Structures are given as structure tokens and as C-alpha cells.
Amino acid sequence: MTLKALSVGFFLSQVLAVPAPRVDADAIPFRIPPSAASSIPEAQSQLDGLASFAYGVTKSNLESGSERRRTNACTLSNLSVRREWSTFTVRQRKAYIDAVLCLQKLPAKTPSSIATGAKSRYDDFVATHVQQTLGIHHTGTFLAWHRYYVHEYDQALRNECSYKGDYPYWDWPLSAVIGMENHPIFDGSDTSLSGNGKPIPNQGDIVVRIADFPPVNLPSGTGGGCVTSGPFKDYVVNLGPAVLLLPGDKVEFRPNPLDHNPRCLKRDLTDTVIKKYANATAVVDLILRSKDIESFQTTMQGALGSDSVGVHGGGHFALGGDPGRDVFVSPGDPAFFLHHGMIDRVWWIWQSLDPKNRRNAIHGTGTFLNQPPSPNTTLDTLIDLGHAGGSVRPMRDLMSTTDGPFCYTYL
């Protein structure tokens with residue numbers, strides 16, 4: 001074992017193995033920091049405190065029944081927990097991996113007349129995202145749609161593949177400190193979600209272009225080719241590409257991204273991107289600086305014209321590869337669902353700082369950047385995940401992690 005591996009292992013055992021102390025929002029006053037610390041360790045401490053506070057708010061609300069609009073039977077006794085992958089034991093990681101592999105072997109529910117490329121139950125989720133991408137990014141449904149989407153993925157793992165463990169998320173700030181390939185999600189071991197792709201030298205930059213806004217240039221990573229190790233090295237990506245950004249300001253697409261196009265999973269893990277856009281300071285700044293839902297979700301997705309891809313883009317582009325750099329097909333990388341677990345966690349924290357004004361806060365319309373113009377999203381807007389699963393739900397059912405179909409919190 002190398003010194004590098006030992007040092008990373010020591011860091012994880014000391015910092016991550018023991019959950020951060022929890023704060024009861026009613027019992028222990030918590031002073032919300034006025035701004036994010038520029039020091040990464042200090043910002044990480046702030047983030048831990050904010051997460052603990054949010055946990056306390058969730059617990060207090062369930063104990064008091066203060067969420068009068070709660071429509072389900074969520075209680076402390078049946079509250080499920082979502083945890084960071086690094087805190088999972090070897091057995092827990094393998095149980096989750098086995099469930100994902102199971103989902104990739106089950107037959108698809110999406111008719112071939114809709115998506116000839118949907119060959120597995122897992123592909124149902126990819127196909128749904130491909131179909132709805134332009135209605136769920138830079139729209140009023142972005143956060144709630146993905147909350148419901150990840151939930152239904154979790155339910156499929158449990159109900160169809162007998163998964164019984166906690167749902168995992170990916171802590172981007174940890175990767176920003178120890179490096180993408182050192183994070184247990186991406187270390188390439190048999191308890192990871194597979195590692196980097198085969199190195200391709202001199203790849204050139206990734207250029208992100210949206211409408212007429214100035215482009216954002218991002219460095220490519222240290223991989224680029226097919227993943228070479230871990231449980232998903234033989235996994236076949238069946239759908240896409242739709243708009244796959246390639247090094248050198250190139251784009252790859254197919255006329256119909258729902259057609260069958262089998263290929264390997266590629267990754268291009270990029271430390272520079274995760275360190276710049278999704279470090280602890282960036283996450284805390286997003287939470288504290290955003291005073292309303294418009295600024296929160298805009299900053300999270302990358303304010304157009306700002307030379308930023310936000311924490312949302314930071315995670316996706318730090319993964320890189322195919323389909324990681326394709327906004328339509330990105331769920332084709334199993335790490336997508338842990339990335340969006342963290343997206344949901346950050347939203348949960350932000351909501352918990354002012355539940356009265358933030359629980360049901362919505363901003364935006366039903367189309368990407370309101371093109372073409374469409375009605376504003378409201379609490380009555382219906383969310384339909386198609387063949388991925390779940391019933392059609394109004395937005396009002398999807399605004400709290402302890403309401404509607406949900407009953408979970410984060411540690």
C-alpha cells in the first residue's frame with residue numbers, strides 16, 4: 001500500500017467514519033455564518049454545522065408536527081437516512097453496487113416504440129431524463145423533479161432489486177480536498193462505482209456553450225477513455241449521445257438519442273473542476289448568499305454569462321466522459337444518482353434555514369431558459385416520470401423531504 005493511500009485512508013477514518021454531532025434546532029442555538037469562509041477547512045466546518053442544523057430542523061418538525069400540510073405518515077420512527085458513500089462499510093457499498101447491477105439486468109419498461117435503446121430497467125431512468133431534459137433544467141421544476149427522480153430510482157433499487165441499505169450521496173468538497181481518484185466512489189476498487197477512464201493525452205479544453213452567452217472553458221481531466229476497473233468496467237451505455245461535449249470544442253450527437261447505441265462507460269475525472277466549482281467554500285457560499293429560490297437555483301446551475309458552471313455543473317464536468325458531459329444522457333453514469341443526492345442535500349439545507357419562506361419556493365417556467373415561452377411553474381404543476389416509475393405528482397408533494405412520497409433526511 002502506498003503512502004498516498006495510507007494518508008487518504010487515515011483522513012477518511014478520522015474525519016468521515018464518525019458522523020458529525022447533530023444539533024437539535026430548538027435546544028441548541030445555532031448562529032448561521034454571515035458568509036462563507038475562504039479557508040477550505042473553515043468552510044467545511046461551516047457546512048457541517050449547517051447540515052447538523054438542517055437535521056435538527058427536520059427532527060424538530062417531525063416531533064412537533066409543525067408541517068401541517070404533511071400528507072404522508074412520515075415520523076421519526078420510519079425516517080430513512082441518506083449518508084455519504086465514504087461512511088459506508090465494505091458490505092454496505094457492495095450491497096448498493098449489487099442493486100444497481102441488478103437494475104441494469106432487469107428488462108426495460110419503456111416500449112421499444114419510444115426508445116429502442118432502452119434495454120434495461122436502469123435505461124428507463126436514462127430515457128426519461130433524455131425525453132424531459134429541456135423541461136427540467138433552468139426551469140421551475142429543476143430541483144423538485146430531480147428530488148422525485150432520485151427517490152424513484154431509490155425505490156426501484158429497493159422494490160425490484162431488494163436493496164435495504166441507506167441511500168448514498170457524493171460529498172463534492174471531500175473530492176475537492178483529496179482528489180477525484182482518491183474518493184472511494186471513484187478509486188476503481190470493487191467497492192467503488194468504477195474509476196477513471198483510460199488516459200488520453202493532449203485532449204484539449206471542454207467548451208460549454210449555452211445560447212448566446214459567453215462560453216465557459218473547462219480543462220479536460222486525466223482519463224477520457226473507457227473505465228478500466230471496478231464493478232462497472234463492463235457496463236454498456238445504451239442511449240445517446242444527445243449533446244455530448246468533447247475536448248477541443250467539439251460536440252457529438254445522434255439524430256435520435258433514444259436509439260440503441262451500445263458503448264463503454266467513459267470517464268475523465270477532473271480535479272481542477274471539482275476544486276474550483278464544488279469545494280466547501282463554493283457550497284457554503286451558495287447556501288448563504290442565495291436569499292431566494294431564483295438566486296439559489298440559478299447559482300447552483302451556473303449563472304449564465306458568469307464564467308461559472310455552479311456546483312451542479314462542477315460535479316457533472318468533474319466526472320466528464322461519456323455520458324457525463326451530456327446533459328441529456330448523464331444518468332447513464334451510475335455516479336449521477338449520488339451527485340444529485342448531494343444536489344438535493346444542499347437544497348434541503350438551504351430550505352431548512354428558513355422553512356416558512358423556502359419550503360414551497362418556486363421560480364421559473366416549464367421550458368429551458370423559458371424558450372419557447374411557457375407558463376410559470378406552480379405548486380399545482382404536475383411531474384410525470386414516465387416509465388421510470390412513480391405516480392404523477394403535483395409540485396406541492398415534492399417540496400419537502402418529509403412530505404408527499406418522501407420520508408428521509410441527510411447525515
# chains A, B, ... in the order shown; residues from 1 in each chain; ligands from 1
>>> select_by_dssp(residues="range 184-238 of chain A", states="strand (DSSP E or B)", output="ChimeraX atom specification")
/A:197-199,206-208,216-218,224-227,236-237
>>> residues_around(residues="Asp249 in chain A", least_positions_apart="2", cutoff="9 Å", atoms="only C-alpha atoms", output="list in words")
Gly204, Asp205, Ile206, Val207, Val208, Asn217, Leu245, Leu246, Pro247 and Val251 of chain A
>>> write_last_selection(atoms="all heavy atoms", output="tab-separated table (two decimals), in the first residue's frame")
chain	number	residue	atom	x	y	z
A	204	GLY	N	-7.27	18.67	-24.90
A	204	GLY	CA	-7.84	19.99	-25.15
A	204	GLY	C	-8.96	20.31	-24.18
A	204	GLY	O	-9.42	19.46	-23.41
A	205	ASP	N	-9.41	21.57	-24.19
A	205	ASP	CA	-10.43	22.02	-23.26
A	205	ASP	C	-11.84	21.61	-23.68
A	205	ASP	O	-12.11	21.33	-24.85
A	205	ASP	CB	-10.39	23.55	-23.14
A	205	ASP	CG	-9.20	24.05	-22.32
A	205	ASP	OD1	-8.51	23.20	-21.71
A	205	ASP	OD2	-8.99	25.28	-22.28
A	206	ILE	N	-12.72	21.62	-22.69
A	206	ILE	CA	-14.15	21.47	-22.92
A	206	ILE	C	-14.74	22.88	-22.98
A	206	ILE	O	-14.48	23.70	-22.10
A	206	ILE	CB	-14.82	20.68	-21.78
A	206	ILE	CG1	-14.16	19.30	-21.62
A	206	ILE	CG2	-16.32	20.55	-22.03
A	206	ILE	CD1	-14.30	18.40	-22.82
A	207	VAL	N	-15.52	23.17	-23.99
A	207	VAL	CA	-16.13	24.49	-24.13
A	207	VAL	C	-17.64	24.35	-23.97
A	207	VAL	O	-18.29	23.66	-24.77
A	207	VAL	CB	-15.79	25.13	-25.49
A	207	VAL	CG1	-16.40	26.53	-25.58
A	207	VAL	CG2	-14.27	25.20	-25.67
A	208	VAL	N	-18.16	24.98	-22.92
A	208	VAL	CA	-19.59	24.90	-22.63
A	208	VAL	C	-20.27	26.12	-23.23
A	208	VAL	O	-20.00	27.26	-22.84
A	208	VAL	CB	-19.84	24.86	-21.11
A	208	VAL	CG1	-21.34	24.69	-20.83
A	208	VAL	CG2	-19.04	23.72	-20.46
A	217	ASN	N	-14.83	27.84	-20.59
A	217	ASN	CA	-13.79	26.87	-20.92
A	217	ASN	C	-13.39	26.09	-19.68
A	217	ASN	O	-13.07	26.68	-18.64
A	217	ASN	CB	-12.56	27.57	-21.51
A	217	ASN	CG	-12.78	28.01	-22.94
A	217	ASN	OD1	-13.71	28.75	-23.23
A	217	ASN	ND2	-11.94	27.54	-23.84
A	245	LEU	N	-20.42	16.93	-25.03
A	245	LEU	CA	-19.32	17.86	-25.19
A	245	LEU	C	-18.00	17.10	-25.16
A	245	LEU	O	-17.73	16.34	-24.23
A	245	LEU	CB	-19.34	18.92	-24.09
A	245	LEU	CG	-20.64	19.74	-23.97
A	245	LEU	CD1	-20.46	20.86	-22.94
A	245	LEU	CD2	-21.06	20.30	-25.31
A	246	LEU	N	-17.18	17.32	-26.18
A	246	LEU	CA	-15.90	16.64	-26.32
A	246	LEU	C	-14.75	17.64	-26.24
A	246	LEU	O	-14.95	18.84	-26.53
A	246	LEU	CB	-15.84	15.89	-27.65
A	246	LEU	CG	-16.88	14.79	-27.88
A	246	LEU	CD1	-16.78	14.27	-29.31
A	246	LEU	CD2	-16.68	13.66	-26.88
A	247	PRO	N	-13.57	17.19	-25.86
A	247	PRO	CA	-12.41	18.09	-25.84
A	247	PRO	C	-12.17	18.72	-27.21
A	247	PRO	O	-12.49	18.13	-28.26
A	247	PRO	CB	-11.26	17.17	-25.44
A	247	PRO	CG	-11.90	16.06	-24.68
A	247	PRO	CD	-13.22	15.85	-25.35
A	251	VAL	N	-18.63	18.62	-30.40
A	251	VAL	CA	-19.88	18.08	-29.88
A	251	VAL	C	-20.25	16.84	-30.68
A	251	VAL	O	-20.16	16.83	-31.91
A	251	VAL	CB	-21.03	19.11	-29.97
A	251	VAL	CG1	-22.33	18.50	-29.45
A	251	VAL	CG2	-20.69	20.38	-29.20
>>> closest_atom_pairs(of="range 192-227 of chain A", to="range 84-105 of chain A", cutoff="12 Å", atoms="only C-alpha atoms", output="JSON lines")
{"residue": "A:Ser192", "atom": "CA", "partner": "A:Arg93", "partner_atom": "CA", "distance": 7.5}
{"residue": "A:Leu193", "atom": "CA", "partner": "A:Ile97", "partner_atom": "CA", "distance": 7.3}
{"residue": "A:Ser194", "atom": "CA", "partner": "A:Ile97", "partner_atom": "CA", "distance": 10.1}
>>> residues_around(residues="Gly221 in chain A", least_positions_apart="6", cutoff="12 Å", atoms="only C-alpha atoms", output="PyMOL selection string")
chain A and resi 179-181+196-206+246-247+266-274+317-321
>>> write_last_selection(atoms="C-alpha atoms", output="JSON list (two decimals), in the first residue's frame")
[["chain", "number", "residue", "atom", "x", "y", "z"],
["A", 179, "GLY", "CA", -8.79, 14.34, -5.36],
["A", 180, "MET", "CA", -11.38, 12.61, -7.52],
["A", 181, "GLU", "CA", -9.47, 9.34, -7.92],
["A", 196, "ASN", "CA", -11.25, 6.93, -14.18],
["A", 197, "GLY", "CA", -11.19, 6.23, -17.88],
["A", 198, "LYS", "CA", -8.12, 5.10, -19.80],
["A", 199, "PRO", "CA", -5.83, 8.13, -20.19],
["A", 200, "ILE", "CA", -5.99, 10.04, -23.46],
["A", 201, "PRO", "CA", -3.19, 12.62, -23.69],
["A", 202, "ASN", "CA", -3.48, 16.18, -25.01],
["A", 203, "GLN", "CA", -7.25, 16.25, -25.12],
["A", 204, "GLY", "CA", -7.84, 19.99, -25.15],
["A", 205, "ASP", "CA", -10.43, 22.02, -23.26],
["A", 206, "ILE", "CA", -14.15, 21.47, -22.92],
["A", 246, "LEU", "CA", -15.90, 16.64, -26.32],
["A", 247, "PRO", "CA", -12.41, 18.09, -25.84],
["A", 266, "LYS", "CA", -16.11, 6.69, -20.27],
["A", 267, "ARG", "CA", -14.84, 8.99, -17.54],
["A", 268, "ASP", "CA", -12.43, 11.89, -17.46],
["A", 269, "LEU", "CA", -12.05, 12.71, -13.77],
["A", 270, "THR", "CA", -11.01, 16.35, -13.41],
["A", 271, "ASP", "CA", -9.68, 17.65, -10.10],
["A", 272, "THR", "CA", -9.38, 21.22, -11.34],
["A", 273, "VAL", "CA", -13.12, 21.46, -11.97],
["A", 274, "ILE", "CA", -14.24, 19.98, -8.64],
["A", 317, "PHE", "CA", -17.93, 18.10, -15.54],
["A", 318, "ALA", "CA", -15.60, 16.72, -12.87],
["A", 319, "LEU", "CA", -16.93, 13.27, -13.85],
["A", 320, "GLY", "CA", -16.55, 14.10, -17.53],
["A", 321, "GLY", "CA", -16.50, 11.46, -20.22]]
>>> residues_around(residues="range 326-333 of chain A", least_positions_apart="4", cutoff="6 Å", atoms="only C-alpha atoms", output="PyMOL selection string")
chain A and resi 126+130+133+243-244
>>> select_by_dssp(residues="range 99-278 of chain A", states="alpha helix (DSSP H)", output="PyMOL selection string")
chain A and resi 99-103+121-136+142-161+172-178+271-277
>>> closest_residue(among="A:Gly341, A:Leu218, A:Gly390, A:Glu252", to="Lys276 in chain A", atoms="only C-alpha atoms")
A:Leu218
>>> atom_distance(atom1="CA of Leu304 in chain A", atom2="CA of Phe213 in chain A")
6.4 Å
>>> residues_around(residues="range 364-366 of chain A", least_positions_apart="3", cutoff="8 Å", atoms="only C-alpha atoms", output="MDAnalysis selection string")
chainID A and resid 135:136 138:141 294 369:370 373:377
>>> residues_around(residues="range 230-238 of chain A", least_positions_apart="2", cutoff="9 Å", atoms="only C-alpha atoms", output="PyMOL selection string")
chain A and resi 97-98+101+104+117-119+123+186-195+226-228+240+258-265+322-323+332-334
>>> write_last_selection(atoms="N, CA and C atoms", output="CSV table (one decimal), in the first residue's frame")
chain,number,residue,atom,x,y,z
A,97,ILE,N,-24.0,-1.5,-4.8
A,97,ILE,CA,-23.5,-1.8,-6.2
A,97,ILE,C,-24.3,-3.0,-6.8
A,98,ASP,N,-24.5,-4.0,-6.0
A,98,ASP,CA,-25.2,-5.2,-6.5
A,98,ASP,C,-26.6,-4.8,-6.9
A,101,LEU,N,-26.3,-3.0,-10.3
A,101,LEU,CA,-26.1,-4.0,-11.3
A,101,LEU,C,-27.3,-4.9,-11.6
A,104,GLN,N,-29.6,-2.9,-13.8
A,104,GLN,CA,-29.1,-2.9,-15.2
A,104,GLN,C,-29.3,-4.2,-16.0
A,117,GLY,N,-33.3,2.1,-27.6
A,117,GLY,CA,-32.1,1.9,-26.8
A,117,GLY,C,-32.3,1.6,-25.4
A,118,ALA,N,-33.5,1.6,-24.9
A,118,ALA,CA,-33.8,1.3,-23.5
A,118,ALA,C,-33.9,-0.3,-23.4
A,119,LYS,N,-32.8,-0.8,-22.9
A,119,LYS,CA,-32.7,-2.3,-22.8
A,119,LYS,C,-32.8,-2.8,-21.4
A,123,ASP,N,-32.1,1.7,-17.8
A,123,ASP,CA,-32.2,2.6,-19.0
A,123,ASP,C,-33.6,3.3,-19.0
A,186,PHE,N,-14.7,6.7,-6.6
A,186,PHE,CA,-14.0,6.7,-7.9
A,186,PHE,C,-12.6,6.1,-7.9
A,187,ASP,N,-12.3,5.3,-6.8
A,187,ASP,CA,-11.0,4.8,-6.7
A,187,ASP,C,-10.7,3.6,-7.5
A,188,GLY,N,-11.8,3.1,-8.2
A,188,GLY,CA,-11.6,1.9,-9.1
A,188,GLY,C,-11.6,0.6,-8.5
A,189,SER,N,-11.8,0.6,-7.2
A,189,SER,CA,-11.9,-0.7,-6.5
A,189,SER,C,-13.2,-1.4,-6.7
A,190,ASP,N,-13.3,-2.6,-6.1
A,190,ASP,CA,-14.6,-3.4,-6.3
A,190,ASP,C,-15.7,-2.8,-5.4
A,191,THR,N,-15.3,-1.9,-4.5
A,191,THR,CA,-16.4,-1.2,-3.7
A,191,THR,C,-16.6,0.2,-4.2
A,192,SER,N,-16.2,0.6,-5.4
A,192,SER,CA,-16.4,1.9,-5.9
A,192,SER,C,-17.5,1.8,-7.0
A,193,LEU,N,-17.8,2.9,-7.6
A,193,LEU,CA,-18.6,2.9,-8.8
A,193,LEU,C,-17.8,3.0,-10.1
A,194,SER,N,-16.6,2.3,-10.0
A,194,SER,CA,-15.6,2.3,-11.0
A,194,SER,C,-14.8,3.6,-11.0
A,195,GLY,N,-13.6,3.6,-11.6
A,195,GLY,CA,-12.8,4.7,-11.5
A,195,GLY,C,-12.7,5.6,-12.8
A,226,CYS,N,-12.5,4.5,-21.9
A,226,CYS,CA,-13.4,3.6,-21.2
A,226,CYS,C,-12.8,3.4,-19.8
A,227,VAL,N,-13.7,3.3,-18.8
A,227,VAL,CA,-13.3,2.9,-17.4
A,227,VAL,C,-12.7,1.5,-17.5
A,228,THR,N,-11.6,1.4,-16.7
A,228,THR,CA,-10.8,0.2,-16.8
A,228,THR,C,-10.9,-0.7,-15.6
A,240,GLY,N,-28.1,7.6,-26.3
A,240,GLY,CA,-27.3,8.8,-26.6
A,240,GLY,C,-26.2,8.5,-27.6
A,258,LEU,N,-32.5,8.4,-28.4
A,258,LEU,CA,-33.2,7.2,-27.8
A,258,LEU,C,-33.0,5.9,-28.5
A,259,ASP,N,-32.3,6.0,-29.7
A,259,ASP,CA,-32.0,4.8,-30.4
A,259,ASP,C,-30.9,4.0,-29.7
A,260,HIS,N,-30.7,2.8,-30.0
A,260,HIS,CA,-29.7,1.9,-29.4
A,260,HIS,C,-28.3,2.2,-30.0
A,261,ASN,N,-27.4,2.5,-29.1
A,261,ASN,CA,-26.0,2.8,-29.4
A,261,ASN,C,-25.1,2.3,-28.4
A,262,PRO,N,-24.9,1.0,-28.3
A,262,PRO,CA,-24.1,0.4,-27.2
A,262,PRO,C,-22.6,0.8,-27.3
A,263,ARG,N,-22.1,1.2,-26.1
A,263,ARG,CA,-20.7,1.6,-26.0
A,263,ARG,C,-20.3,1.5,-24.5
A,264,CYS,N,-19.0,1.7,-24.3
A,264,CYS,CA,-18.5,1.6,-22.9
A,264,CYS,C,-18.8,2.9,-22.1
A,265,LEU,N,-18.7,2.8,-20.8
A,265,LEU,CA,-18.8,4.0,-20.0
A,265,LEU,C,-17.4,4.7,-20.0
A,322,ASP,N,-18.2,10.2,-21.2
A,322,ASP,CA,-19.5,9.8,-21.9
A,322,ASP,C,-20.2,8.8,-21.1
A,323,PRO,N,-21.4,9.1,-20.6
A,323,PRO,CA,-22.3,10.3,-20.9
A,323,PRO,C,-22.2,11.4,-19.9
A,332,GLY,N,-26.8,8.1,-17.4
A,332,GLY,CA,-26.2,6.8,-17.9
A,332,GLY,C,-24.9,6.5,-17.1
A,333,ASP,N,-24.3,7.4,-16.4
A,333,ASP,CA,-23.2,7.1,-15.5
A,333,ASP,C,-23.8,6.9,-14.1
A,334,PRO,N,-23.6,5.7,-13.5
A,334,PRO,CA,-24.2,5.5,-12.2
A,334,PRO,C,-23.9,6.5,-11.1
>>> closest_residue(among="A:Glu152, A:Arg209, A:Pro41, A:Asp307", to="Ala176 in chain A", atoms="only C-alpha atoms")
A:Pro41
>>> atom_distance(atom1="CA of Ala278 in chain A", atom2="CA of Gly314 in chain A")
5.7 Å
>>> atom_distance(atom1="CA of Arg393 in chain A", atom2="CA of Leu379 in chain A")
10.1 Å
>>> closest_residue(among="A:Thr299, A:Asn360, A:Thr409, A:Thr116", to="Leu62 in chain A", atoms="only C-alpha atoms")
A:Thr409
>>> closest_residue(among="A:Cys161, A:Lys59, A:Asp171, A:Thr402", to="Leu106 in chain A", atoms="only C-alpha atoms")
A:Cys161
>>> residues_around(residues="Gln351 in chain A", least_positions_apart="4", cutoff="12 Å", atoms="only C-alpha atoms", output="ChimeraX atom specification")
/A:50-51,53-55,57-58,143,287-288,290-293,296-297,344-347,355-362,399-401
>>> write_last_selection(atoms="N, CA, C and O atoms", output="tab-separated table (two decimals), in the first residue's frame")
chain	number	residue	atom	x	y	z
A	50	LEU	N	-24.11	23.67	9.26
A	50	LEU	CA	-25.36	23.92	8.55
A	50	LEU	C	-26.15	22.62	8.34
A	50	LEU	O	-27.37	22.59	8.49
A	51	ALA	N	-25.44	21.55	8.00
A	51	ALA	CA	-26.10	20.26	7.80
A	51	ALA	C	-26.67	19.74	9.12
A	51	ALA	O	-27.78	19.18	9.16
A	53	PHE	N	-27.63	21.57	11.62
A	53	PHE	CA	-28.79	22.42	11.90
A	53	PHE	C	-30.00	21.95	11.11
A	53	PHE	O	-31.12	21.86	11.65
A	54	ALA	N	-29.80	21.64	9.82
A	54	ALA	CA	-30.91	21.17	8.99
A	54	ALA	C	-31.48	19.86	9.52
A	54	ALA	O	-32.70	19.66	9.52
A	55	TYR	N	-30.60	18.99	9.99
A	55	TYR	CA	-31.05	17.74	10.59
A	55	TYR	C	-31.92	18.02	11.80
A	55	TYR	O	-32.97	17.40	12.01
A	57	VAL	N	-33.68	20.72	12.41
A	57	VAL	CA	-34.95	21.28	11.97
A	57	VAL	C	-35.89	20.16	11.52
A	57	VAL	O	-37.08	20.14	11.88
A	58	THR	N	-35.36	19.22	10.73
A	58	THR	CA	-36.18	18.10	10.27
A	58	THR	C	-36.72	17.30	11.45
A	58	THR	O	-37.92	16.97	11.52
A	143	LEU	N	-35.25	21.43	-9.29
A	143	LEU	CA	-34.91	20.82	-8.01
A	143	LEU	C	-35.90	19.74	-7.61
A	143	LEU	O	-35.51	18.64	-7.22
A	287	ILE	N	-25.29	28.41	-0.36
A	287	ILE	CA	-26.33	28.31	0.66
A	287	ILE	C	-26.58	29.65	1.35
A	287	ILE	O	-27.73	30.06	1.55
A	288	LEU	N	-25.53	30.35	1.69
A	288	LEU	CA	-25.66	31.57	2.49
A	288	LEU	C	-25.96	32.82	1.65
A	288	LEU	O	-26.69	33.71	2.10
A	290	SER	N	-27.53	32.99	-1.28
A	290	SER	CA	-28.80	32.93	-2.02
A	290	SER	C	-29.96	33.23	-1.08
A	290	SER	O	-30.29	32.43	-0.20
A	291	LYS	N	-30.59	34.36	-1.27
A	291	LYS	CA	-31.68	34.78	-0.39
A	291	LYS	C	-33.05	34.36	-0.90
A	291	LYS	O	-34.04	34.47	-0.18
A	292	ASP	N	-33.13	33.94	-2.14
A	292	ASP	CA	-34.41	33.48	-2.68
A	292	ASP	C	-34.14	32.31	-3.63
A	292	ASP	O	-33.00	32.03	-3.99
A	293	ILE	N	-35.20	31.63	-4.02
A	293	ILE	CA	-35.05	30.41	-4.82
A	293	ILE	C	-34.50	30.73	-6.20
A	293	ILE	O	-33.76	29.92	-6.78
A	296	PHE	N	-30.79	30.99	-5.77
A	296	PHE	CA	-30.24	29.70	-5.35
A	296	PHE	C	-30.10	28.74	-6.52
A	296	PHE	O	-29.02	28.19	-6.78
A	297	GLN	N	-31.17	28.53	-7.26
A	297	GLN	CA	-31.09	27.54	-8.34
A	297	GLN	C	-30.31	28.06	-9.54
A	297	GLN	O	-29.70	27.28	-10.28
A	344	ASP	N	-29.65	17.51	-3.90
A	344	ASP	CA	-30.84	17.53	-3.05
A	344	ASP	C	-30.48	17.87	-1.61
A	344	ASP	O	-31.21	18.61	-0.93
A	345	ARG	N	-29.36	17.37	-1.14
A	345	ARG	CA	-28.91	17.67	0.23
A	345	ARG	C	-28.67	19.17	0.41
A	345	ARG	O	-29.07	19.76	1.42
A	346	VAL	N	-28.03	19.78	-0.56
A	346	VAL	CA	-27.76	21.22	-0.48
A	346	VAL	C	-29.07	22.01	-0.49
A	346	VAL	O	-29.23	22.99	0.25
A	347	TRP	N	-30.01	21.60	-1.33
A	347	TRP	CA	-31.33	22.25	-1.33
A	347	TRP	C	-32.01	22.07	0.02
A	347	TRP	O	-32.58	23.02	0.56
A	355	PRO	N	-37.60	27.69	6.72
A	355	PRO	CA	-38.66	26.81	6.19
A	355	PRO	C	-39.93	27.55	5.79
A	355	PRO	O	-40.57	27.19	4.79
A	356	LYS	N	-40.32	28.56	6.55
A	356	LYS	CA	-41.56	29.27	6.27
A	356	LYS	C	-41.56	29.87	4.87
A	356	LYS	O	-42.58	29.81	4.16
A	357	ASN	N	-40.43	30.44	4.46
A	357	ASN	CA	-40.37	31.13	3.17
A	357	ASN	C	-39.75	30.29	2.05
A	357	ASN	O	-39.89	30.64	0.88
A	358	ARG	N	-39.08	29.20	2.42
A	358	ARG	CA	-38.34	28.44	1.41
A	358	ARG	C	-38.92	27.07	1.10
A	358	ARG	O	-38.59	26.47	0.07
A	359	ARG	N	-39.77	26.54	1.97
A	359	ARG	CA	-40.27	25.19	1.76
A	359	ARG	C	-40.98	25.05	0.42
A	359	ARG	O	-40.78	24.08	-0.31
A	360	ASN	N	-41.80	26.01	0.07
A	360	ASN	CA	-42.58	25.92	-1.16
A	360	ASN	C	-42.16	26.95	-2.20
A	360	ASN	O	-42.92	27.27	-3.11
A	361	ALA	N	-40.94	27.45	-2.08
A	361	ALA	CA	-40.46	28.47	-3.01
A	361	ALA	C	-40.16	27.87	-4.38
A	361	ALA	O	-39.45	26.87	-4.49
A	362	ILE	N	-40.70	28.49	-5.43
A	362	ILE	CA	-40.52	28.05	-6.81
A	362	ILE	C	-40.24	29.27	-7.67
A	362	ILE	O	-40.83	30.34	-7.47
A	399	MET	N	-41.87	19.14	-2.29
A	399	MET	CA	-41.11	20.28	-1.80
A	399	MET	C	-40.42	20.04	-0.46
A	399	MET	O	-39.61	20.86	-0.02
A	400	SER	N	-40.73	18.95	0.20
A	400	SER	CA	-40.12	18.64	1.49
A	400	SER	C	-39.68	17.19	1.52
A	400	SER	O	-40.38	16.32	0.97
A	401	THR	N	-38.57	16.91	2.17
A	401	THR	CA	-38.08	15.53	2.24
A	401	THR	C	-38.89	14.69	3.23
A	401	THR	O	-38.64	13.49	3.35
